[in-house]
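Shown next: start_5.cif, given as mmCIF, C-alpha atoms.
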```
data_upload
#
loop_
_atom_site.group_PDB
_atom_site.id
_atom_site.type_symbol
_atom_site.label_atom_id
_atom_site.label_comp_id
_atom_site.auth_asym_id
_atom_site.auth_seq_id
_atom_site.Cartn_x
_atom_site.Cartn_y
_atom_site.Cartn_z
ATOM 1 C CA MET A 42 0.647 -14.940 -37.949
ATOM 2 C CA VAL A 43 3.534 -14.009 -35.724
ATOM 3 C CA PRO A 44 3.789 -16.128 -32.568
ATOM 4 C CA LEU A 45 3.437 -14.358 -29.223
ATOM 5 C CA SER A 46 7.025 -15.211 -28.302
ATOM 6 C CA TRP A 47 8.430 -12.904 -30.963
ATOM 7 C CA TYR A 48 6.670 -9.909 -29.464
ATOM 8 C CA LEU A 49 7.744 -10.832 -25.948
ATOM 9 C CA ILE A 50 11.384 -11.332 -26.940
ATOM 10 C CA PHE A 51 11.370 -8.095 -28.932
ATOM 11 C CA ALA A 52 9.952 -6.251 -25.923
ATOM 12 C CA ALA A 53 12.491 -7.873 -23.595
ATOM 13 C CA ALA A 54 15.338 -6.797 -25.881
ATOM 14 C CA LEU A 55 14.029 -3.236 -26.076
ATOM 15 C CA PHE A 56 13.637 -3.175 -22.282
ATOM 16 C CA SER A 57 17.241 -4.348 -21.824
ATOM 17 C CA ILE A 58 18.534 -1.708 -24.222
ATOM 18 C CA GLY A 59 16.642 0.971 -22.318
ATOM 19 C CA MET A 60 17.964 -0.354 -19.027
ATOM 20 C CA PHE A 61 21.523 -0.205 -20.361
ATOM 21 C CA GLY A 62 20.905 3.428 -21.259
ATOM 22 C CA VAL A 63 19.546 4.230 -17.810
ATOM 23 C CA LEU A 64 22.430 2.533 -16.028
ATOM 24 C CA SER A 65 25.335 3.747 -18.123
ATOM 25 C CA ARG A 66 24.579 7.239 -19.424
ATOM 26 C CA ARG A 67 25.997 10.237 -17.608
ATOM 27 C CA ASN A 68 23.633 12.844 -19.007
ATOM 28 C CA ALA A 69 20.349 13.077 -17.099
ATOM 29 C CA VAL A 70 18.368 13.722 -20.304
ATOM 30 C CA ALA A 71 19.845 10.564 -21.840
ATOM 31 C CA ILE A 72 18.752 8.610 -18.756
ATOM 32 C CA LEU A 73 15.187 9.801 -19.383
ATOM 33 C CA LEU A 74 15.522 8.654 -23.015
ATOM 34 C CA GLY A 75 16.342 5.176 -21.720
ATOM 35 C CA ILE A 76 13.289 5.241 -19.454
ATOM 36 C CA GLU A 77 11.127 6.050 -22.486
ATOM 37 C CA LEU A 78 12.434 2.961 -24.274
ATOM 38 C CA MET A 79 11.627 0.802 -21.241
ATOM 39 C CA LEU A 80 8.067 2.158 -20.980
ATOM 40 C CA ASN A 81 7.534 1.494 -24.684
ATOM 41 C CA SER A 82 8.638 -2.103 -24.388
ATOM 42 C CA VAL A 83 6.132 -2.609 -21.571
ATOM 43 C CA ASN A 84 3.418 -1.179 -23.817
ATOM 44 C CA ILE A 85 4.304 -3.645 -26.569
ATOM 45 C CA ASN A 86 3.796 -6.453 -24.060
ATOM 46 C CA LEU A 87 0.419 -5.060 -22.974
ATOM 47 C CA ALA A 88 -0.825 -4.711 -26.554
ATOM 48 C CA ALA A 89 0.463 -8.182 -27.459
ATOM 49 C CA PHE A 90 -1.287 -9.799 -24.497
ATOM 50 C CA TRP A 91 -4.502 -7.966 -25.414
ATOM 51 C CA ARG A 92 -4.333 -9.254 -28.994
ATOM 52 C CA TYR A 93 -3.363 -12.824 -28.149
ATOM 53 C CA GLY A 94 -5.833 -13.118 -25.316
ATOM 54 C CA ASP A 95 -9.510 -12.287 -25.598
ATOM 55 C CA VAL A 96 -9.803 -9.153 -27.751
ATOM 56 C CA HIS A 97 -13.143 -8.324 -26.141
ATOM 57 C CA LEU A 98 -11.409 -7.628 -22.811
ATOM 58 C CA MET A 99 -9.926 -4.166 -23.204
ATOM 59 C CA ALA A 100 -7.752 -4.191 -20.078
ATOM 60 C CA GLY A 101 -4.518 -4.414 -22.060
ATOM 61 C CA GLN A 102 -5.225 -1.375 -24.188
ATOM 62 C CA VAL A 103 -6.639 0.588 -21.237
ATOM 63 C CA PHE A 104 -3.509 -0.070 -19.236
ATOM 64 C CA ALA A 105 -1.347 0.904 -22.211
ATOM 65 C CA ILE A 106 -3.166 4.252 -22.322
ATOM 66 C CA ILE A 107 -2.568 4.732 -18.585
ATOM 67 C CA VAL A 108 1.114 4.063 -19.270
ATOM 68 C CA PHE A 109 1.033 6.759 -21.980
ATOM 69 C CA ALA A 110 -0.332 9.250 -19.453
ATOM 70 C CA VAL A 111 2.210 8.264 -16.820
ATOM 71 C CA ALA A 112 5.032 8.537 -19.368
ATOM 72 C CA ALA A 113 3.914 12.032 -20.359
ATOM 73 C CA ALA A 114 3.750 13.082 -16.690
ATOM 74 C CA GLU A 115 7.142 11.530 -15.971
ATOM 75 C CA VAL A 116 8.813 13.265 -18.892
ATOM 76 C CA ALA A 117 7.287 16.642 -18.026
ATOM 77 C CA VAL A 118 8.400 16.483 -14.390
ATOM 78 C CA GLY A 119 11.768 14.893 -15.224
ATOM 79 C CA LEU A 120 12.733 17.461 -17.820
ATOM 80 C CA ALA A 121 11.536 20.294 -15.563
ATOM 81 C CA LEU A 122 13.799 18.917 -12.820
ATOM 82 C CA VAL A 123 16.723 18.632 -15.239
ATOM 83 C CA ILE A 124 16.258 22.216 -16.433
ATOM 84 C CA SER A 125 15.910 23.462 -12.853
ATOM 85 C CA VAL A 126 19.068 21.651 -11.758
ATOM 86 C CA TYR A 127 20.887 22.896 -14.848
ATOM 87 C CA ARG A 128 19.904 26.438 -13.966
ATOM 88 C CA SER A 129 21.330 26.249 -10.465
ATOM 89 C CA ARG A 130 24.300 23.890 -10.990
ATOM 90 C CA ARG A 131 25.226 24.449 -14.661
ATOM 91 C CA THR A 132 25.427 20.715 -15.205
ATOM 92 C CA VAL A 133 23.209 17.876 -16.357
ATOM 93 C CA VAL A 134 25.700 15.119 -15.508
ATOM 94 C CA ALA A 135 23.982 12.792 -13.068
ATOM 95 C CA ASP A 136 27.211 12.124 -11.135
ATOM 96 C CA GLU A 137 27.736 15.812 -10.406
ATOM 97 C CA ILE A 138 24.230 16.373 -9.061
ATOM 98 C CA ASP A 139 25.205 15.278 -5.582
ATOM 99 C CA MET A 140 23.992 17.995 -3.226
ATOM 100 C CA MET A 141 21.797 15.490 -1.411
ATOM 101 C CA LYS A 142 24.625 12.978 -1.101
ATOM 102 C CA TRP A 143 26.006 12.803 2.393
ATOM 103 C CA MET B 25 7.675 -17.321 -43.573
ATOM 104 C CA THR B 26 4.636 -15.180 -44.154
ATOM 105 C CA GLY B 27 4.503 -11.526 -45.063
ATOM 106 C CA GLU B 28 3.432 -10.539 -41.557
ATOM 107 C CA GLN B 29 6.456 -12.235 -40.057
ATOM 108 C CA ILE B 30 8.809 -10.501 -42.482
ATOM 109 C CA VAL B 31 7.236 -7.131 -41.668
ATOM 110 C CA PHE B 32 7.517 -7.837 -37.951
ATOM 111 C CA LEU B 33 11.174 -8.868 -38.193
ATOM 112 C CA VAL B 34 12.147 -5.827 -40.264
ATOM 113 C CA VAL B 35 10.336 -3.465 -37.878
ATOM 114 C CA ALA B 36 11.778 -5.199 -34.815
ATOM 115 C CA PHE B 37 15.354 -5.014 -36.050
ATOM 116 C CA VAL B 38 15.020 -1.379 -37.132
ATOM 117 C CA THR B 39 13.511 -0.521 -33.739
ATOM 118 C CA LEU B 40 16.197 -2.353 -31.804
ATOM 119 C CA PHE B 41 18.935 -0.720 -33.874
ATOM 120 C CA ALA B 42 17.371 2.698 -33.262
ATOM 121 C CA GLY B 43 17.171 1.883 -29.545
ATOM 122 C CA LEU B 44 20.845 0.945 -29.498
ATOM 123 C CA MET B 45 21.690 4.232 -31.213
ATOM 124 C CA VAL B 46 19.616 6.103 -28.595
ATOM 125 C CA VAL B 47 21.721 4.730 -25.764
ATOM 126 C CA THR B 48 25.119 4.850 -27.474
ATOM 127 C CA THR B 49 25.306 7.888 -29.743
ATOM 128 C CA ARG B 50 27.317 10.809 -28.436
ATOM 129 C CA ASN B 51 25.256 13.699 -29.725
ATOM 130 C CA LEU B 52 22.094 13.974 -27.640
ATOM 131 C CA VAL B 53 20.070 15.661 -30.374
ATOM 132 C CA HIS B 54 20.829 12.653 -32.561
ATOM 133 C CA ALA B 55 19.844 10.385 -29.671
ATOM 134 C CA ALA B 56 16.472 12.143 -29.431
ATOM 135 C CA LEU B 57 15.983 11.759 -33.199
ATOM 136 C CA TRP B 58 16.866 8.059 -32.984
ATOM 137 C CA LEU B 59 14.263 7.839 -30.231
ATOM 138 C CA VAL B 60 11.730 9.154 -32.755
ATOM 139 C CA ALA B 61 12.723 6.312 -35.093
ATOM 140 C CA ALA B 62 12.365 3.747 -32.314
ATOM 141 C CA LEU B 63 8.955 5.137 -31.334
ATOM 142 C CA PHE B 64 7.812 4.889 -34.960
ATOM 143 C CA GLY B 65 8.899 1.271 -34.968
ATOM 144 C CA VAL B 66 6.833 0.631 -31.845
ATOM 145 C CA ALA B 67 3.852 2.352 -33.503
ATOM 146 C CA VAL B 68 4.163 -0.009 -36.479
ATOM 147 C CA THR B 69 4.288 -2.901 -34.015
ATOM 148 C CA TYR B 70 0.971 -1.713 -32.585
ATOM 149 C CA VAL B 71 -0.485 -1.721 -36.093
ATOM 150 C CA THR B 72 0.631 -5.315 -36.597
ATOM 151 C CA LEU B 73 -1.209 -6.101 -33.350
ATOM 152 C CA ASN B 74 -4.469 -4.488 -34.623
ATOM 153 C CA ALA B 75 -4.169 -1.862 -31.863
ATOM 154 C CA ASN B 76 -4.810 1.045 -34.226
ATOM 155 C CA PHE B 77 -5.768 3.573 -31.584
ATOM 156 C CA LEU B 78 -2.574 2.885 -29.646
ATOM 157 C CA ALA B 79 -0.560 3.410 -32.827
ATOM 158 C CA VAL B 80 -2.165 6.796 -33.465
ATOM 159 C CA VAL B 81 -1.721 7.855 -29.833
ATOM 160 C CA GLN B 82 1.893 6.700 -30.001
ATOM 161 C CA VAL B 83 2.557 8.969 -32.969
ATOM 162 C CA VAL B 84 0.631 11.933 -31.559
ATOM 163 C CA VAL B 85 1.691 11.796 -27.919
ATOM 164 C CA TYR B 86 5.113 10.185 -27.993
ATOM 165 C CA ILE B 87 6.534 11.495 -31.255
ATOM 166 C CA GLY B 88 4.549 14.702 -31.422
ATOM 167 C CA ALA B 89 4.942 15.762 -27.813
ATOM 168 C CA ILE B 90 7.441 13.773 -25.794
ATOM 169 C CA ALA B 91 10.214 13.517 -28.389
ATOM 170 C CA ILE B 92 9.911 17.223 -29.178
ATOM 171 C CA LEU B 93 10.030 17.975 -25.437
ATOM 172 C CA PHE B 94 13.265 15.975 -25.272
ATOM 173 C CA ILE B 95 14.771 17.933 -28.142
ATOM 174 C CA PHE B 96 13.816 21.184 -26.391
ATOM 175 C CA ALA B 97 15.387 19.992 -23.140
ATOM 176 C CA VAL B 98 18.591 18.958 -24.909
ATOM 177 C CA MET B 99 18.832 22.338 -26.585
ATOM 178 C CA LEU B 100 18.147 24.203 -23.326
ATOM 179 C CA THR B 101 20.807 22.285 -21.413
ATOM 180 C CA ARG B 102 23.567 21.606 -23.918
ATOM 181 C CA ARG B 103 26.731 23.366 -22.987
ATOM 182 C CA ASP B 104 29.955 21.489 -23.235
ATOM 183 C CA MET B 105 28.581 17.992 -22.775
ATOM 184 C CA ARG B 106 28.079 17.508 -26.478
ATOM 185 C CA ASP B 107 31.272 16.332 -28.046
ATOM 186 C CA GLN B 108 33.815 16.046 -25.297
ATOM 187 C CA GLY B 109 34.259 13.843 -22.307
ATOM 188 C CA PRO B 110 32.874 10.354 -21.943
ATOM 189 C CA GLN B 111 29.141 9.939 -22.441
ATOM 190 C CA MET B 112 29.140 6.761 -20.353
ATOM 191 C CA ASN B 113 29.877 6.646 -16.649
ATOM 192 C CA LYS B 114 32.756 4.538 -15.393
ATOM 193 C CA ASN B 115 30.496 1.621 -14.487
ATOM 194 C CA TRP B 116 29.003 1.334 -17.974
ATOM 195 C CA TRP B 117 30.265 -2.242 -18.357
ATOM 196 C CA LEU B 118 28.312 -3.179 -15.224
ATOM 197 C CA GLY B 119 25.208 -1.681 -16.820
ATOM 198 C CA ALA B 120 25.861 -3.687 -19.972
ATOM 199 C CA VAL B 121 26.293 -6.906 -17.978
ATOM 200 C CA LEU B 122 23.077 -6.224 -16.055
ATOM 201 C CA ALA B 123 21.166 -5.475 -19.253
ATOM 202 C CA VAL B 124 22.385 -8.696 -20.889
ATOM 203 C CA LEU B 125 21.555 -10.634 -17.717
ATOM 204 C CA THR B 126 18.067 -9.109 -17.647
ATOM 205 C CA PHE B 127 17.477 -10.087 -21.245
ATOM 206 C CA GLY B 128 18.825 -13.579 -20.612
ATOM 207 C CA GLY B 129 16.703 -13.977 -17.510
ATOM 208 C CA LEU B 130 13.544 -12.809 -19.267
ATOM 209 C CA TYR B 131 14.299 -15.068 -22.221
ATOM 210 C CA PHE B 132 14.843 -18.037 -19.900
ATOM 211 C CA LEU B 133 11.615 -17.298 -18.008
ATOM 212 C CA LEU B 134 9.665 -17.026 -21.253
ATOM 213 C CA GLN B 135 11.067 -20.308 -22.551
ATOM 214 C CA GLY B 136 9.648 -22.084 -19.525
ATOM 215 C CA TRP B 137 6.158 -20.701 -20.073
ATOM 216 C CA GLU B 138 3.714 -22.787 -22.064
ATOM 217 C CA GLY B 139 1.824 -19.792 -23.502
ATOM 218 C CA MET B 140 4.917 -18.784 -25.453
ATOM 219 C CA THR B 141 4.125 -20.329 -28.834
ATOM 220 C CA LYS B 142 0.515 -19.184 -28.745
ATOM 221 C CA THR B 143 -0.746 -17.777 -32.014
ATOM 222 C CA ALA B 144 -3.471 -15.174 -32.156
ATOM 223 C CA THR B 145 -7.033 -16.089 -32.900
ATOM 224 C CA SER B 146 -8.248 -14.434 -36.072
ATOM 225 C CA TYR B 147 -9.420 -10.901 -35.497
ATOM 226 C CA PRO B 148 -13.238 -10.882 -35.176
ATOM 227 C CA VAL B 149 -14.919 -9.403 -38.221
ATOM 228 C CA GLY B 150 -16.747 -6.173 -37.494
ATOM 229 C CA PHE B 151 -15.253 -5.822 -34.017
ATOM 230 C CA ASP B 152 -14.878 -2.109 -33.261
ATOM 231 C CA ALA B 153 -11.957 -2.012 -30.851
ATOM 232 C CA ILE B 154 -11.942 1.781 -30.594
ATOM 233 C CA SER B 155 -15.539 2.121 -29.420
ATOM 234 C CA GLU B 156 -15.012 -0.828 -27.070
ATOM 235 C CA LEU B 157 -11.989 0.965 -25.669
ATOM 236 C CA GLY B 158 -13.927 4.202 -25.299
ATOM 237 C CA ASN B 159 -16.731 2.424 -23.479
ATOM 238 C CA ALA B 160 -14.267 0.641 -21.212
ATOM 239 C CA LEU B 161 -12.584 3.942 -20.341
ATOM 240 C CA VAL B 162 -15.736 5.767 -19.244
ATOM 241 C CA SER B 163 -18.089 3.056 -17.974
ATOM 242 C CA PRO B 164 -18.290 2.631 -14.197
ATOM 243 C CA ALA B 165 -18.180 -1.126 -14.716
ATOM 244 C CA GLY B 166 -14.961 -0.662 -16.679
ATOM 245 C CA TYR B 167 -11.959 1.485 -16.010
ATOM 246 C CA VAL B 168 -13.325 4.929 -15.215
ATOM 247 C CA LEU B 169 -11.484 5.138 -11.896
ATOM 248 C CA PRO B 170 -7.980 4.495 -13.310
ATOM 249 C CA PHE B 171 -8.839 6.900 -16.127
ATOM 250 C CA GLU B 172 -9.746 9.669 -13.679
ATOM 251 C CA VAL B 173 -6.687 8.947 -11.550
ATOM 252 C CA ALA B 174 -4.552 9.275 -14.686
ATOM 253 C CA SER B 175 -6.086 12.661 -15.484
ATOM 254 C CA VAL B 176 -5.511 13.901 -11.926
ATOM 255 C CA LEU B 177 -1.928 12.653 -12.193
ATOM 256 C CA LEU B 178 -1.468 14.592 -15.434
ATOM 257 C CA VAL B 179 -2.772 17.806 -13.882
ATOM 258 C CA ALA B 180 -0.565 17.356 -10.829
ATOM 259 C CA ALA B 181 2.455 16.622 -13.013
ATOM 260 C CA LEU B 182 1.859 19.684 -15.193
ATOM 261 C CA VAL B 183 1.438 21.972 -12.178
ATOM 262 C CA GLY B 184 4.545 20.444 -10.622
ATOM 263 C CA ALA B 185 6.545 20.802 -13.818
ATOM 264 C CA VAL B 186 5.610 24.457 -14.207
ATOM 265 C CA TYR B 187 6.433 25.119 -10.551
ATOM 266 C CA VAL B 188 9.791 23.310 -10.684
ATOM 267 C CA ALA B 189 10.925 24.884 -13.953
ATOM 268 C CA PHE B 190 9.740 28.368 -13.007
ATOM 269 C CA ASN B 191 12.610 30.649 -12.152
ATOM 270 C CA PRO B 192 11.617 33.026 -9.338
ATOM 271 C CA ARG B 193 14.659 35.282 -9.720
ATOM 272 C CA ASN B 194 14.347 36.176 -13.378
ATOM 273 C CA GLY B 195 10.623 35.903 -13.705
ATOM 274 C CA ASN B 196 9.920 33.568 -16.567
ATOM 275 C CA SER B 197 12.747 34.650 -18.834
ATOM 276 C CA GLY B 198 14.720 31.518 -18.075
ATOM 277 C CA LYS B 199 18.181 33.068 -18.049
#
```
Exercise: express the given structure as structure tokens:
Amino acid sequence: MVPLSWYLIFAAALFSIGMFGVLSRRNAVAILLGIELMLNSVNINLAAFWRYGDVHLMAGQVFAIIVFAVAAAEVAVGLALVISVYRSRRTVVADEIDMMKW
Amino acid sequence: MTGEQIVFLVVAFVTLFAGLMVVTTRNLVHAALWLVAALFGVAVTYVTLNANFLAVVQVVVYIGAIAILFIFAVMLTRRDMRDQGPQMNKNWWLGAVLAVLTFGGLYFLLQGWEGMTKTATSYPVGFDAISELGNALVSPAGYVLPFEVASVLLVAALVGAVYVAFNPRNGNSGK
């Protein structure tokens, strides 16, 4: 059986990759792609803790499902915002969306 | 090294490679397709953890809905961003340093934790995780309140998304 540490290190690596994407991409859609990777790595942790703890306590899986719902909501609102901004500013580059910057 | 460990390592490396391609590839449609590969890898990871329902939901919701939504958004907003100009902002090295530091910090924290080398107890025979999960989601003693809050959040997000993306000038034609 795989030790718990492998899952945790795998999830940490995936989280770091997603964070790199969020911090360094210019395109707003690509930033949302990075956020998806980060949410997935958190879900791996939740499922791993459920499996390696007491499998009769379903909190890990329940919370993973809540994260699914939140991810779906986040993507729907985020992409709607990106499309709305693109419609009015003709750009999806995060640096150029600066109308609220003072 | 057992078969499970080999499967895990192969899936983990494929997933991490796909994740790296998501954040580094220039063409955003390719990035979205690499995201599909990474999400499949995570679904296989759920299967190795005996979380079968999560694996199915991962494929249906993430790959079937969210990844396709991303591809739609890329196609609706691509203009001249695709192949010209830098895809990374000028502080990308700072992002890389922060990501490496985060990974190092998490790795260091995990090394100091005694639960790290824990191996799983054998999966109980005849344990029906899916019906347990269903009961936990709808029983008042379980997690019915977070479940309902999540559904209200989904409705609010969908209404908000439709409102934000709706174009009042051109009706719904989206010009």
Near chain A, 7 Å: chain B residue rows, closest pairs, only C-alpha atoms, as a tab-separated table:
```
residue	atom	partner	partner_atom	distance
B:Glu28	CA	A:Met42	CA	6.3
B:Gln29	CA	A:Val43	CA	5.5
B:Ala36	CA	A:Phe51	CA	6.6
B:Leu40	CA	A:Leu55	CA	6.2
B:Gly43	CA	A:Ile58	CA	6.6
B:Leu44	CA	A:Ile58	CA	6.3
B:Val47	CA	A:Gly62	CA	4.8
B:Tyr70	CA	A:Ala88	CA	7.0
B:Leu73	CA	A:Arg92	CA	6.2
B:Ala75	CA	A:Ala88	CA	6.9
B:Ile90	CA	A:Ala113	CA	6.7
B:Ala97	CA	A:Leu120	CA	6.5
B:Val98	CA	A:Val70	CA	7.0
B:Thr101	CA	A:Tyr127	CA	6.6
B:Gln111	CA	A:Arg67	CA	5.8
B:Met112	CA	A:Arg66	CA	4.7
B:Asn113	CA	A:Arg67	CA	5.4
B:Asn115	CA	A:Ser65	CA	6.7
B:Trp116	CA	A:Ser65	CA	4.4
B:Gly119	CA	A:Leu64	CA	5.1
B:Ala120	CA	A:Phe61	CA	5.6
B:Ala123	CA	A:Ser57	CA	4.8
B:Val124	CA	A:Ser57	CA	6.8
B:Thr126	CA	A:Ser57	CA	6.4
B:Phe127	CA	A:Ser57	CA	5.8
B:Leu130	CA	A:Ala53	CA	6.6
B:Tyr131	CA	A:Ile50	CA	6.7
B:Met140	CA	A:Ser46	CA	5.0
B:Thr141	CA	A:Pro44	CA	5.6
B:Lys142	CA	A:Leu45	CA	5.7
B:Thr143	CA	A:Pro44	CA	4.9
B:Ala144	CA	A:Tyr93	CA	4.6
B:Thr145	CA	A:Tyr93	CA	6.8
B:Leu157	CA	A:Met99	CA	6.1
B:Ala160	CA	A:Met99	CA	6.8
B:Leu161	CA	A:Val103	CA	6.9
B:Ala174	CA	A:Ile107	CA	6.3
B:Leu178	CA	A:Ala114	CA	5.6
B:Ala181	CA	A:Ala114	CA	5.3
B:Leu182	CA	A:Ala117	CA	6.8
B:Gly184	CA	A:Val118	CA	6.7
B:Ala185	CA	A:Val118	CA	4.7
B:Val188	CA	A:Ala121	CA	6.0
B:Ala189	CA	A:Ala121	CA	4.9
```
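Distances from B:Tyr187, B:Phe64, B:Phe37, B:Phe96 to B:Val80 were compared using all atoms listed in the file, and the smallest one belongs to B:Phe64.
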Legend entry - Nearest residue to A:Met79 from the set B:Leu59, B:Val84, B:Val71, B:Val186 (distances using only C-alpha atoms):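 Using only C-alpha atoms, the shortest distance to A:Met79 belongs to B:Leu59.
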Inset, instruction - Measure the distance from atom CA of B:Asn191 to atom CA of B:Ala89 in Å and round it to one decimal. - result: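 Between atom CA of B:Asn191 and atom CA of B:Ala89 the gap is 22.9 Å.
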Legend entry - Separation of atom CA of B:Val85 from atom CA of A:Val83 in Å: 16.4 Å
Inset, instruction - Work out how far atom CA of B:Ile87 is from atom CA of B:Glu156, in Å to one decimal. - result: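 Separation between atom CA of B:Glu156 and atom CA of B:Ile87: 25.2 Å.
If you measure from each of B:Gly139, B:Val68, B:Val31, B:Ala62 to B:Met45 using only C-alpha atoms, the closest one turns out to be B:Ala62.
Proximity ranking of B:Leu63, B:Ser146, B:Gly128, B:Gly88 relative to A:Leu80 places B:Leu63 first, based on all atoms listed in the file.
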Inset, instruction - Rank B:Trp117, B:Phe77, B:Thr69, B:Val83 by their smallest atom-to-atom distance to B:Ser155, using all atoms listed in the file, and report the top residue only. - result: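 Result for the nearest residue to B:Ser155: B:Phe77.
Minimum atom-to-atom distance to B:Ile154, evaluated using all atoms listed in the file, belongs to B:Ala79 out of B:Val183, B:Leu177, B:Val66, B:Ala79.
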